[in-house]
$ cat protein21.txt   # compact mmCIF, C-alpha atoms and all ligand atoms
# COMPACT_ATOMS: atom_id res chain seq x y z
CA MET B 4 17.89 22.35 -7.36
CA LYS B 5 14.88 21.76 -5.09
CA LYS B 6 11.52 21.30 -6.81
CA ASN B 7 8.50 23.42 -5.88
CA ALA B 8 5.58 21.29 -4.70
CA VAL B 9 1.90 22.03 -4.10
CA VAL B 10 -0.42 19.65 -2.26
CA ILE B 11 -3.93 19.30 -3.71
CA GLY B 12 -6.35 18.38 -0.91
CA TYR B 13 -5.45 19.57 2.58
CA GLY B 14 -7.10 16.80 4.59
CA GLY B 15 -5.56 14.03 6.66
CA MET B 16 -3.02 12.81 4.11
CA GLY B 17 -2.56 16.25 2.55
CA GLY B 18 -1.49 17.36 6.04
CA TRP B 19 1.02 14.49 6.18
CA HIS B 20 2.46 15.52 2.80
CA THR B 21 2.84 19.16 3.83
CA GLU B 22 4.72 18.20 7.02
CA HIS B 23 6.85 15.77 5.05
CA LEU B 24 7.60 18.32 2.30
CA LEU B 25 8.58 20.95 4.88
CA LYS B 26 11.38 18.56 5.95
CA SER B 27 12.29 17.46 2.42
CA ASP B 28 15.82 17.82 1.06
CA VAL B 29 14.56 17.78 -2.54
CA CYS B 30 11.33 19.85 -2.45
CA ASN B 31 10.03 23.18 -1.23
CA LEU B 32 6.40 23.22 -0.13
CA ILE B 33 5.06 26.35 -1.78
CA GLY B 34 1.37 25.89 -1.06
CA VAL B 35 -1.81 23.87 -0.93
CA TYR B 36 -5.21 23.97 -2.57
CA ASP B 37 -8.37 22.44 -1.10
CA ILE B 38 -11.88 22.64 -2.55
CA LYS B 39 -13.14 23.61 0.93
CA GLU B 40 -12.36 27.16 1.93
CA GLU B 41 -12.15 26.26 5.64
CA ARG B 42 -9.28 23.86 4.87
CA ASN B 43 -7.45 26.64 2.97
CA GLU B 44 -8.03 28.95 5.93
CA LEU B 45 -6.61 26.31 8.26
CA ALA B 46 -3.51 26.02 6.07
CA ARG B 47 -3.07 29.82 6.11
CA SER B 48 -3.46 29.86 9.92
CA ARG B 49 -0.52 27.42 10.01
CA GLY B 50 1.62 29.68 7.82
CA ILE B 51 1.13 27.68 4.60
CA PHE B 52 0.16 29.55 1.43
CA ALA B 53 -3.22 28.41 0.05
CA TYR B 54 -4.34 29.01 -3.54
CA ASP B 55 -7.94 30.10 -4.20
CA THR B 56 -8.49 27.77 -7.19
CA TYR B 57 -6.87 24.75 -8.83
CA LYS B 58 -6.44 26.92 -11.95
CA ALA B 59 -4.34 29.36 -9.93
CA VAL B 60 -2.02 26.47 -8.99
CA LEU B 61 -1.69 25.41 -12.63
CA ASP B 62 -1.11 29.01 -13.75
CA ASP B 63 1.77 29.41 -11.28
CA PRO B 64 4.94 28.82 -13.35
CA ARG B 65 7.01 28.16 -10.21
CA VAL B 66 5.17 24.90 -9.51
CA ASP B 67 7.09 21.77 -10.59
CA LEU B 68 4.99 19.05 -9.03
CA LEU B 69 1.64 18.38 -7.45
CA THR B 70 0.73 15.79 -4.85
CA VAL B 71 -2.95 14.90 -5.24
CA ALA B 72 -4.45 13.78 -1.90
CA ILE B 73 -8.21 13.95 -2.45
CA PRO B 74 -10.90 11.23 -2.18
CA ASN B 75 -10.37 8.24 -4.48
CA ASP B 76 -13.22 8.93 -6.94
CA GLN B 77 -11.62 12.28 -7.81
CA HIS B 78 -8.08 11.04 -8.51
CA ARG B 79 -8.57 10.52 -12.24
CA ASP B 80 -9.87 14.02 -13.00
CA GLY B 81 -7.63 15.76 -10.47
CA VAL B 82 -4.49 14.09 -11.84
CA ILE B 83 -5.36 14.60 -15.52
CA GLN B 84 -6.14 18.28 -14.86
CA GLY B 85 -2.69 18.65 -13.25
CA LEU B 86 -0.88 16.84 -16.07
CA ASN B 87 -2.75 18.83 -18.76
CA GLY B 88 -1.78 21.96 -16.83
CA GLY B 89 1.87 21.05 -17.41
CA LYS B 90 2.74 19.78 -13.91
CA ASN B 91 4.35 16.54 -12.77
CA VAL B 92 1.94 14.65 -10.52
CA ILE B 93 2.14 12.27 -7.58
CA CYS B 94 -1.22 10.65 -6.85
CA GLU B 95 -2.27 9.15 -3.56
CA LYS B 96 -3.28 5.50 -3.45
CA PRO B 97 -5.45 3.85 -4.65
CA VAL B 98 -4.38 5.58 -7.84
CA ALA B 99 -7.79 5.10 -9.47
CA MET B 100 -11.11 3.30 -9.21
CA SER B 101 -10.42 1.08 -12.24
CA SER B 102 -7.70 0.09 -14.70
CA ALA B 103 -9.53 2.13 -17.39
CA GLU B 104 -9.19 5.29 -15.26
CA LEU B 105 -5.51 4.54 -14.66
CA ALA B 106 -4.97 4.04 -18.40
CA ASP B 107 -6.43 7.53 -19.00
CA MET B 108 -4.05 8.99 -16.42
CA ILE B 109 -1.00 7.27 -17.94
CA LYS B 110 -2.01 8.51 -21.41
CA ALA B 111 -2.31 12.08 -20.07
CA ALA B 112 1.19 11.83 -18.56
CA GLU B 113 2.63 10.56 -21.85
CA ARG B 114 0.75 13.13 -23.95
CA ASN B 115 2.02 15.99 -21.79
CA ASN B 116 5.49 14.48 -21.33
CA LYS B 117 5.17 14.78 -17.53
CA ILE B 118 6.14 12.42 -14.71
CA PHE B 119 3.29 10.66 -12.92
CA SER B 120 3.47 8.12 -10.12
CA VAL B 121 1.53 6.67 -7.19
CA HIS B 122 2.37 7.24 -3.55
CA GLN B 123 2.93 3.63 -2.48
CA ASN B 124 4.63 4.86 0.69
CA ARG B 125 4.21 1.54 2.49
CA ARG B 126 7.08 0.16 0.44
CA TRP B 127 9.16 1.93 3.09
CA ASP B 128 7.50 0.23 6.08
CA VAL B 129 10.09 -1.83 7.95
CA ASP B 130 7.80 -4.85 8.50
CA TYR B 131 7.41 -5.22 4.74
CA LEU B 132 11.13 -4.56 4.16
CA ALA B 133 12.02 -7.31 6.66
CA MET B 134 9.76 -9.78 4.82
CA LYS B 135 11.23 -8.84 1.44
CA GLN B 136 14.77 -9.12 2.79
CA LEU B 137 14.04 -12.54 4.36
CA SER B 138 12.47 -13.81 1.16
CA GLU B 139 15.30 -12.58 -1.07
CA SER B 140 18.15 -13.71 1.22
CA GLY B 141 17.31 -17.39 0.71
CA GLU B 142 17.66 -17.99 4.48
CA ILE B 143 14.32 -19.82 4.66
CA GLY B 144 14.63 -21.42 1.23
CA GLU B 145 12.08 -21.16 -1.54
CA VAL B 146 9.05 -19.21 -0.30
CA PHE B 147 5.77 -21.05 -0.86
CA ASN B 148 3.38 -19.07 1.35
CA ILE B 149 3.11 -15.54 2.71
CA GLU B 150 0.33 -14.08 4.83
CA SER B 151 -0.16 -10.34 5.39
CA ARG B 152 -2.78 -9.10 7.84
CA ILE B 153 -3.88 -5.73 9.15
CA HIS B 154 -6.38 -5.87 11.99
CA GLY B 155 -8.11 -2.94 13.67
CA SER B 156 -11.16 -2.84 15.91
CA ARG B 157 -12.86 0.50 15.17
CA GLY B 158 -14.81 -0.37 12.02
CA ILE B 159 -14.36 1.54 8.80
CA PRO B 160 -13.93 5.34 9.22
CA SER B 161 -17.24 7.19 9.07
CA ASP B 162 -16.11 9.56 6.29
CA TRP B 163 -16.10 9.02 2.48
CA ARG B 164 -14.26 5.73 3.05
CA GLY B 165 -17.64 4.23 3.99
CA GLU B 166 -19.25 5.28 0.69
CA LEU B 167 -19.13 3.35 -2.57
CA ALA B 168 -19.40 6.44 -4.78
CA HIS B 169 -16.16 7.87 -3.34
CA GLY B 170 -14.17 4.66 -3.75
CA GLY B 171 -14.56 3.62 -0.12
CA GLY B 172 -13.93 0.21 1.37
CA MET B 173 -10.91 -1.52 2.83
CA LEU B 174 -9.81 -3.23 -0.38
CA PHE B 175 -9.18 0.19 -1.91
CA ASP B 176 -7.93 1.75 1.32
CA TRP B 177 -5.55 -0.86 2.77
CA GLY B 178 -5.74 -3.67 0.20
CA VAL B 179 -3.90 -1.55 -2.33
CA HIS B 180 -0.87 -1.27 0.01
CA LEU B 181 -0.82 -4.92 0.98
CA ILE B 182 -1.28 -6.19 -2.59
CA ASP B 183 1.50 -3.88 -3.82
CA GLN B 184 3.84 -5.17 -1.08
CA ILE B 185 3.11 -8.84 -1.87
CA LEU B 186 3.70 -8.29 -5.60
CA MET B 187 7.08 -6.74 -4.76
CA ILE B 188 7.98 -9.84 -2.71
CA ILE B 189 6.68 -12.47 -5.17
CA PRO B 190 7.31 -11.25 -8.72
CA ASP B 191 5.80 -14.31 -10.45
CA LYS B 192 2.65 -14.19 -12.60
CA ILE B 193 -0.64 -14.27 -10.64
CA THR B 194 -2.76 -17.16 -11.86
CA SER B 195 -5.74 -17.02 -9.48
CA VAL B 196 -7.61 -14.52 -7.29
CA TYR B 197 -10.23 -15.40 -4.69
CA CYS B 198 -11.70 -12.66 -2.50
CA ARG B 199 -14.46 -12.45 0.09
CA PHE B 200 -15.68 -9.17 1.57
CA ASP B 201 -16.83 -8.53 5.15
CA HIS B 202 -19.77 -6.28 5.93
CA ILE B 203 -19.82 -6.22 9.72
CA THR B 204 -20.28 -2.48 10.22
CA ASN B 205 -21.04 -1.26 6.69
CA ASN B 206 -23.27 -2.77 3.99
CA GLU B 207 -22.27 -0.38 1.22
CA VAL B 208 -18.55 -1.13 1.03
CA ASP B 209 -16.27 -3.85 2.39
CA ASP B 210 -15.12 -3.11 5.93
CA GLY B 211 -12.64 -5.96 5.65
CA PHE B 212 -11.74 -8.71 3.20
CA LYS B 213 -9.91 -11.99 2.77
CA LEU B 214 -7.90 -12.40 -0.42
CA ASP B 215 -6.07 -15.48 -1.77
CA LEU B 216 -3.56 -15.08 -4.60
CA GLY B 217 -2.06 -18.03 -6.47
CA PHE B 218 1.21 -17.62 -8.40
CA GLU B 219 2.59 -19.44 -11.44
CA ASN B 220 5.52 -20.86 -9.41
CA GLY B 221 3.06 -22.54 -7.01
CA ALA B 222 3.48 -19.96 -4.22
CA LYS B 223 0.41 -18.63 -2.43
CA ALA B 224 -0.30 -15.34 -0.71
CA TYR B 225 -3.09 -14.54 1.70
CA ILE B 226 -4.05 -10.94 2.44
CA GLU B 227 -6.56 -10.03 5.14
CA VAL B 228 -7.81 -6.68 6.36
CA GLY B 229 -10.22 -6.51 9.28
CA THR B 230 -11.71 -3.59 11.16
CA TYR B 231 -13.54 -5.67 13.75
CA ASN B 232 -10.68 -7.64 15.33
CA PHE B 233 -10.38 -7.06 19.06
CA ILE B 234 -7.44 -9.46 19.08
CA ALA B 235 -5.11 -8.92 16.12
CA MET B 236 -3.42 -11.81 14.34
CA PRO B 237 0.28 -11.52 13.39
CA ARG B 238 1.13 -8.83 10.85
CA PHE B 239 3.21 -11.11 8.60
CA TYR B 240 3.86 -14.85 8.38
CA ILE B 241 6.14 -16.35 5.74
CA GLN B 242 7.00 -19.98 5.00
CA GLY B 243 9.95 -21.23 2.97
CA LYS B 244 11.11 -24.79 2.39
CA LYS B 245 13.88 -24.36 5.00
CA GLY B 246 12.27 -22.09 7.58
CA THR B 247 9.54 -19.76 8.79
CA GLY B 248 9.38 -16.04 9.62
CA ILE B 249 6.85 -14.11 11.67
CA ILE B 250 6.26 -10.47 12.59
CA HIS B 251 3.69 -10.30 15.38
CA ASP B 252 3.20 -6.59 15.37
CA TRP B 253 4.58 -3.93 13.03
CA ARG B 254 6.52 -2.40 15.94
CA GLN B 255 8.35 -5.71 16.46
CA ASN B 256 11.25 -7.38 14.66
CA CYS B 257 10.91 -10.39 12.39
CA LYS B 258 11.50 -13.71 14.20
CA VAL B 259 12.98 -16.49 12.10
CA THR B 260 13.29 -20.22 12.68
CA VAL B 261 15.48 -22.11 10.24
CA CYS B 262 15.50 -25.90 10.13
CA THR B 263 19.17 -26.98 10.37
CA HIS B 264 18.60 -30.77 10.50
CA TRP B 265 15.45 -32.26 9.01
CA HIS B 266 15.74 -35.61 10.86
CA GLU B 267 15.32 -35.71 14.63
CA SER B 268 16.62 -38.56 16.77
CA GLU B 269 13.67 -38.63 19.11
CA VAL B 270 10.40 -36.70 19.01
CA VAL B 271 8.67 -36.22 22.34
CA PRO B 272 4.91 -36.47 21.73
CA VAL B 273 2.62 -33.69 22.96
CA GLN B 274 -0.14 -34.96 25.24
CA THR B 275 -3.38 -33.05 24.87
CA ALA B 276 -6.58 -33.51 26.88
CA ALA B 277 -7.87 -36.08 24.41
CA GLY B 278 -4.83 -37.70 22.83
CA LEU B 279 -1.22 -37.39 21.80
CA THR B 280 0.64 -36.24 18.67
CA LYS B 281 4.18 -36.51 17.39
CA THR B 282 3.35 -34.88 14.02
CA MET B 283 2.45 -31.58 15.63
CA ALA B 284 5.00 -31.66 18.44
CA PRO B 285 7.37 -28.65 18.42
CA ARG B 286 10.93 -29.20 17.27
CA ASP B 287 13.76 -28.99 19.77
CA SER B 288 16.62 -26.50 19.55
CA VAL B 289 19.02 -29.16 18.19
CA THR B 290 17.37 -29.24 14.76
CA THR B 291 16.50 -25.55 14.47
CA ASP B 292 18.14 -22.18 14.67
CA GLU B 293 16.06 -19.28 16.02
CA TYR B 294 16.99 -15.61 15.66
CA GLU B 295 15.60 -12.10 15.08
CA LEU B 296 16.34 -10.01 12.01
CA ASP B 297 17.80 -6.55 12.56
CA ARG B 298 15.26 -3.85 11.84
CA PRO B 299 15.77 -2.77 8.21
CA LEU B 300 16.80 0.85 7.67
CA SER B 301 14.15 2.94 5.96
CA ASP B 302 13.67 6.54 4.89
CA VAL B 303 10.34 7.37 3.25
CA HIS B 304 11.88 10.61 1.91
CA GLU B 305 13.35 8.30 -0.76
CA TYR B 306 9.96 8.47 -2.49
CA TYR B 307 10.17 12.23 -3.24
CA ARG B 308 13.93 11.97 -3.88
CA ASN B 309 13.23 9.39 -6.58
CA PHE B 310 10.36 11.38 -8.10
CA CYS B 311 12.48 14.53 -8.35
CA ALA B 312 15.41 12.58 -9.83
CA VAL B 313 13.04 11.21 -12.48
CA ILE B 314 11.95 14.78 -13.32
CA ASP B 315 15.66 15.59 -13.78
CA GLY B 316 16.10 12.53 -16.00
CA SER B 317 18.65 10.90 -13.66
CA ALA B 318 16.56 7.97 -12.38
CA ASP B 319 13.69 5.65 -13.24
CA LEU B 320 10.48 5.63 -11.22
CA ILE B 321 10.49 3.31 -8.20
CA VAL B 322 6.69 2.98 -8.41
CA THR B 323 6.15 2.32 -12.10
CA HIS B 324 3.01 2.58 -14.23
CA SER B 325 3.03 -1.15 -14.96
CA GLN B 326 3.26 -2.01 -11.25
CA ALA B 327 0.33 0.34 -10.50
CA MET B 328 -1.67 -1.23 -13.34
CA ARG B 329 -0.98 -4.76 -12.07
CA VAL B 330 -2.27 -3.83 -8.60
CA MET B 331 -5.41 -2.31 -10.19
CA HIS B 332 -6.01 -5.54 -12.11
CA VAL B 333 -5.74 -7.59 -8.90
CA ILE B 334 -8.24 -5.23 -7.24
CA GLU B 335 -10.64 -5.59 -10.16
CA ALA B 336 -10.33 -9.39 -10.09
CA SER B 337 -10.99 -9.27 -6.32
CA PHE B 338 -14.23 -7.31 -6.82
CA GLU B 339 -15.27 -9.79 -9.50
CA SER B 340 -14.40 -12.80 -7.34
CA ASN B 341 -16.40 -11.45 -4.40
CA ALA B 342 -19.41 -10.64 -6.61
CA ARG B 343 -19.41 -14.08 -8.27
CA GLY B 344 -18.35 -16.05 -5.22
CA GLN B 345 -15.72 -17.77 -7.36
CA ILE B 346 -12.00 -18.12 -7.93
CA ILE B 347 -10.98 -15.94 -10.90
CA LYS B 348 -8.30 -17.42 -13.14
CA THR B 349 -5.84 -14.71 -14.20
CA GLU B 350 -2.63 -14.11 -16.11
CA LEU B 351 -1.43 -10.98 -14.36
N1 LIG C 1 -0.58 6.66 1.46
C1 LIG C 1 -1.13 6.68 2.67
O1 LIG C 1 -0.56 6.22 3.65
C2 LIG C 1 -2.48 7.32 2.83
C3 LIG C 1 -3.04 7.51 4.11
C4 LIG C 1 -4.28 8.13 4.19
C5 LIG C 1 -4.95 8.52 3.04
N2 LIG C 1 -4.39 8.29 1.82
C6 LIG C 1 -5.08 8.67 0.58
O2 LIG C 1 -5.09 10.10 0.49
C7 LIG C 1 -6.28 10.54 -0.17
C8 LIG C 1 -7.00 11.54 0.73
O3 LIG C 1 -7.34 10.88 1.93
P1 LIG C 1 -7.52 11.70 3.30
O4 LIG C 1 -7.51 10.69 4.38
O5 LIG C 1 -6.54 12.80 3.34
O6 LIG C 1 -8.99 12.26 3.09
P2 LIG C 1 -9.60 13.55 3.80
O7 LIG C 1 -11.08 13.45 3.65
O8 LIG C 1 -9.03 13.71 5.18
O9 LIG C 1 -9.04 14.77 2.94
C9 LIG C 1 -9.40 14.97 1.59
C10 LIG C 1 -9.35 16.47 1.34
O10 LIG C 1 -9.52 16.68 -0.06
C11 LIG C 1 -10.37 17.81 -0.24
N3 LIG C 1 -10.94 17.72 -1.57
C12 LIG C 1 -11.97 16.93 -2.00
N4 LIG C 1 -12.14 17.08 -3.32
C13 LIG C 1 -11.22 17.96 -3.75
C14 LIG C 1 -10.89 18.50 -5.00
N5 LIG C 1 -11.55 18.14 -6.10
N6 LIG C 1 -9.90 19.43 -5.07
C15 LIG C 1 -9.23 19.80 -3.97
N7 LIG C 1 -9.50 19.32 -2.74
C16 LIG C 1 -10.47 18.39 -2.64
C17 LIG C 1 -11.37 17.71 0.90
O11 LIG C 1 -12.00 18.95 1.14
C18 LIG C 1 -10.48 17.23 2.04
O12 LIG C 1 -9.94 18.32 2.78
C19 LIG C 1 -7.10 9.28 -0.45
O13 LIG C 1 -6.88 8.85 -1.77
C20 LIG C 1 -6.54 8.26 0.54
O14 LIG C 1 -6.69 6.92 0.09
C21 LIG C 1 -3.17 7.72 1.70

$ encode --input "protein21.txt" --output "structure tokens" --more "lines below"
Ligand SMILES: NC(=O)c1ccc[n+]([C@@H]2O[C@H](COP(=O)([O-])OP(=O)(O)OC[C@H]3O[C@@H](n4cnc5c(N)ncnc54)[C@H](O)[C@@H]3O)[C@@H](O)[C@H]2O)c1
Amino acid sequence: MKKNAVVIGYGGMGGWHTEHLLKSDVCNLIGVYDIKEERNELARSRGIFAYDTYKAVLDDPRVDLLTVAIPNDQHRDGVIQGLNGGKNVICEKPVAMSSAELADMIKAAERNNKIFSVHQNRRWDVDYLAMKQLSESGEIGEVFNIESRIHGSRGIPSDWRGELAHGGGMLFDWGVHLIDQILMIIPDKITSVYCRFDHITNNEVDDGFKLDLGFENGAKAYIEVGTYNFIAMPRFYIQGKKGTGIIHDWRQNCKVTVCTHWHESEVVPVQTAAGLTKTMAPRDSVTTDEYELDRPLSDVHEYYRNFCAVIDGSADLIVTHSQAMRVMHVIEASFESNARGQIIKTEL
């Protein structure tokens, strides 16, 4: 039977959730609640029921689950209120401002015997899925480096995302997605974290960052978010011992080059203005195989399908508490690294 869902916070992402829930095969959208009356009025004008108070949502016995889509600094209290009110709760990312807040939320879920998870919806993005598939297939051999970049050119949004007190900044906003994706691709223990923040358009929070992760197996990951890049660098770049993959833009397919023969009979040197090089000369087509990966299939509705199946006891969470906690620990180590200007040794 379909579950009855209410969206808490009818802003940008709350709007996305309502549209998504209206098309869901596992949920009915039965209403929204926003702290601002004008947002509730807007919902009503669009034919969506809006509750007057959060308490009224919790008092409604029809409600099975809440999706909390409010600014980051309010996630902890908003989620715990929902769980204590006897509802299952999906929280928007970043789930919390610290691992201590997340621990409180997990305890509240356990105490109330309710399901709680984080909306890591970018696990269904096809660029990420292509990288994960390429890494797991073994086509490019053992992966030793992966680079994930998101570049915009409009600065940080001028809303609460620019304010420290509300959990603003790009590490919280985009970093949380990109870190989560990398940890799904490289499951090994993280042994080092080195992060540097940018403050090009905003001094209060990071409006971009550069993050290096080192893993126990020797692999490295580099994550970069920029909001002042008028020319964007490739979305993903992955190197294995037998080949390389690249996704230039998240609307494009993954291009792969696999090395089929390590030794070349003759390397034609590249002549540059000031010299020549054989080391950096491109390989010819005889020793490599170039192809594009098919676009992976993806359906983000799987997120709510999984959550509802977990409520019914017929599945385990796709986005688990321990995964969410690990991402929070990487974020905390990144803040510490930036503040101290040092590499932080970790065992995460
Ligand atoms: N997963 C994603 O792809 C994605 C994308 C965008 C935003 N988000 C996340 O969604 C959350 C909301 O972001 P947004 O862009 O929708 O922000 P927003 O400012 O557009 O909307 C937030 C809404 O919450 C309301 N609100 C604030 N405090 C409230 C409270 N205590 N109770 C009820 N309503 C309250 C505000 O009035 C506002 O309408 C953030 O955590 C953000 O990181 C996730």

$ residues_around --input "protein21.txt" --residues "range 174-186 of chain B" --least-positions-apart "2" --cutoff "10 Å" --atoms "all atoms listed in the file" --output "tab-separated table (two decimals) with C-alpha atoms, in the frame of the given file"
chain	number	residue	atom	x	y	z
B	75	ASN	CA	-10.37	8.24	-4.48
B	96	LYS	CA	-3.28	5.50	-3.45
B	97	PRO	CA	-5.45	3.85	-4.65
B	98	VAL	CA	-4.38	5.58	-7.84
B	99	ALA	CA	-7.79	5.10	-9.47
B	100	MET	CA	-11.11	3.30	-9.21
B	122	HIS	CA	2.37	7.24	-3.55
B	123	GLN	CA	2.93	3.63	-2.48
B	124	ASN	CA	4.63	4.86	0.69
B	125	ARG	CA	4.21	1.54	2.49
B	126	ARG	CA	7.08	0.16	0.44
B	127	TRP	CA	9.16	1.93	3.09
B	128	ASP	CA	7.50	0.23	6.08
B	131	TYR	CA	7.41	-5.22	4.74
B	132	LEU	CA	11.13	-4.56	4.16
B	134	MET	CA	9.76	-9.78	4.82
B	135	LYS	CA	11.23	-8.84	1.44
B	149	ILE	CA	3.11	-15.54	2.71
B	150	GLU	CA	0.33	-14.08	4.83
B	151	SER	CA	-0.16	-10.34	5.39
B	152	ARG	CA	-2.78	-9.10	7.84
B	153	ILE	CA	-3.88	-5.73	9.15
B	159	ILE	CA	-14.36	1.54	8.80
B	164	ARG	CA	-14.26	5.73	3.05
B	170	GLY	CA	-14.17	4.66	-3.75
B	171	GLY	CA	-14.56	3.62	-0.12
B	172	GLY	CA	-13.93	0.21	1.37
B	188	ILE	CA	7.98	-9.84	-2.71
B	189	ILE	CA	6.68	-12.47	-5.17
B	190	PRO	CA	7.31	-11.25	-8.72
B	191	ASP	CA	5.80	-14.31	-10.45
B	192	LYS	CA	2.65	-14.19	-12.60
B	193	ILE	CA	-0.64	-14.27	-10.64
B	198	CYS	CA	-11.70	-12.66	-2.50
B	200	PHE	CA	-15.68	-9.17	1.57
B	208	VAL	CA	-18.55	-1.13	1.03
B	209	ASP	CA	-16.27	-3.85	2.39
B	210	ASP	CA	-15.12	-3.11	5.93
B	211	GLY	CA	-12.64	-5.96	5.65
B	212	PHE	CA	-11.74	-8.71	3.20
B	213	LYS	CA	-9.91	-11.99	2.77
B	214	LEU	CA	-7.90	-12.40	-0.42
B	216	LEU	CA	-3.56	-15.08	-4.60
B	224	ALA	CA	-0.30	-15.34	-0.71
B	225	TYR	CA	-3.09	-14.54	1.70
B	226	ILE	CA	-4.05	-10.94	2.44
B	227	GLU	CA	-6.56	-10.03	5.14
B	228	VAL	CA	-7.81	-6.68	6.36
B	229	GLY	CA	-10.22	-6.51	9.28
B	322	VAL	CA	6.69	2.98	-8.41
B	326	GLN	CA	3.26	-2.01	-11.25
B	327	ALA	CA	0.33	0.34	-10.50
B	329	ARG	CA	-0.98	-4.76	-12.07
B	330	VAL	CA	-2.27	-3.83	-8.60
B	331	MET	CA	-5.41	-2.31	-10.19
B	333	VAL	CA	-5.74	-7.59	-8.90
B	334	ILE	CA	-8.24	-5.23	-7.24
B	337	SER	CA	-10.99	-9.27	-6.32
B	338	PHE	CA	-14.23	-7.31	-6.82

$ residues_near_ligand --input "protein21.txt" --ligand "ligand LIG 1 (chain C)" --cutoff "6 Å" --atoms "only C-alpha atoms and all ligand atoms" --output "list in words"
Ile11, Gly12, Tyr13, Gly14, Gly15, Met16, Gly17, Tyr36, Asp37, Ile38, Lys39, Arg42, Ala72, Ile73, Pro74, Asn75, Glu95, Lys96, Pro97, His122, Asn124 and Asp176 of chain B

$ closest_residue --input "protein21.txt" --among "B:Gly221, B:Gly81, B:Gly34, B:Gly246" --to "Glu104 in chain B" --atoms "all atoms listed in the file"
B:Gly81

$ residues_around --input "protein21.txt" --residues "Val29 in chain B" --least-positions-apart "2" --cutoff "8 Å" --atoms "only C-alpha atoms" --output "ChimeraX atom specification"
/B:4-6,27,31,307-308,311

$ closest_atom_pairs --input "protein21.txt" --of "range 212-297 of chain B" --to "range 154-158 of chain B" --cutoff "10 Å" --atoms "all atoms listed in the file" --output "tab-separated table"
residue	atom	partner	partner_atom	distance
B:Glu227	CA	B:His154	CA	8.0
B:Val228	CA	B:His154	CA	5.9
B:Gly229	CA	B:His154	CA	4.7
B:Thr230	CA	B:Gly155	CA	4.4
B:Tyr231	CA	B:Ser156	CA	4.3
B:Asn232	CA	B:Ser156	CA	4.9
B:Phe233	CA	B:Ser156	CA	5.3
B:Ile234	CA	B:His154	CA	8.0
B:Ala235	CA	B:His154	CA	5.3
B:Met236	CA	B:His154	CA	7.0
B:Pro237	CA	B:His154	CA	8.8
B:Arg238	CA	B:His154	CA	8.2

$ closest_residue --input "protein21.txt" --among "B:Val121, B:Leu296, B:Leu24, B:Cys94" --to "Ile321 in chain B" --atoms "all atoms listed in the file"
B:Val121

$ atom_distance --input "protein21.txt" --atom1 "CA of Asp107 in chain B" --atom2 "CA of Asp67 in chain B"
21.4 Å

$ atom_distance --input "protein21.txt" --atom1 "CA of Asn91 in chain B" --atom2 "CA of Leu69 in chain B"
6.2 Å

$ decode --input "protein21.txt" --residues "range 171-195 of chain B" --atoms "C-alpha atoms" --output "PDB file, in the first residue's frame"
ATOM      1  CA  GLY B 171      26.087  27.533   4.221  1.00  0.00           C
ATOM      2  CA  GLY B 172      29.104  26.979   2.011  1.00  0.00           C
ATOM      3  CA  MET B 173      29.866  24.706  -0.895  1.00  0.00           C
ATOM      4  CA  LEU B 174      31.446  21.917   1.159  1.00  0.00           C
ATOM      5  CA  PHE B 175      28.089  21.360   2.860  1.00  0.00           C
ATOM      6  CA  ASP B 176      26.040  22.102  -0.250  1.00  0.00           C
ATOM      7  CA  TRP B 177      27.828  20.188  -3.035  1.00  0.00           C
ATOM      8  CA  GLY B 178      30.751  18.592  -1.195  1.00  0.00           C
ATOM      9  CA  VAL B 179      28.406  16.255   0.635  1.00  0.00           C
ATOM     10  CA  HIS B 180      27.171  14.790  -2.688  1.00  0.00           C
ATOM     11  CA  LEU B 181      30.609  14.455  -4.238  1.00  0.00           C
ATOM     12  CA  ILE B 182      32.189  12.934  -1.108  1.00  0.00           C
ATOM     13  CA  ASP B 183      29.318  10.443  -0.808  1.00  0.00           C
ATOM     14  CA  GLN B 184      29.760   9.428  -4.476  1.00  0.00           C
ATOM     15  CA  ILE B 185      33.537   8.938  -4.122  1.00  0.00           C
ATOM     16  CA  LEU B 186      33.103   6.821  -0.982  1.00  0.00           C
ATOM     17  CA  MET B 187      30.660   4.611  -2.907  1.00  0.00           C
ATOM     18  CA  ILE B 188      33.264   4.148  -5.671  1.00  0.00           C
ATOM     19  CA  ILE B 189      36.310   3.596  -3.408  1.00  0.00           C
ATOM     20  CA  PRO B 190      35.213   1.651  -0.321  1.00  0.00           C
ATOM     21  CA  ASP B 191      38.678   1.537   1.301  1.00  0.00           C
ATOM     22  CA  LYS B 192      39.535   3.275   4.583  1.00  0.00           C
ATOM     23  CA  ILE B 193      40.349   7.007   4.254  1.00  0.00           C
ATOM     24  CA  THR B 194      43.775   7.681   5.722  1.00  0.00           C
ATOM     25  CA  SER B 195      44.258  11.384   4.937  1.00  0.00           C
TER      26      SER B 195
END
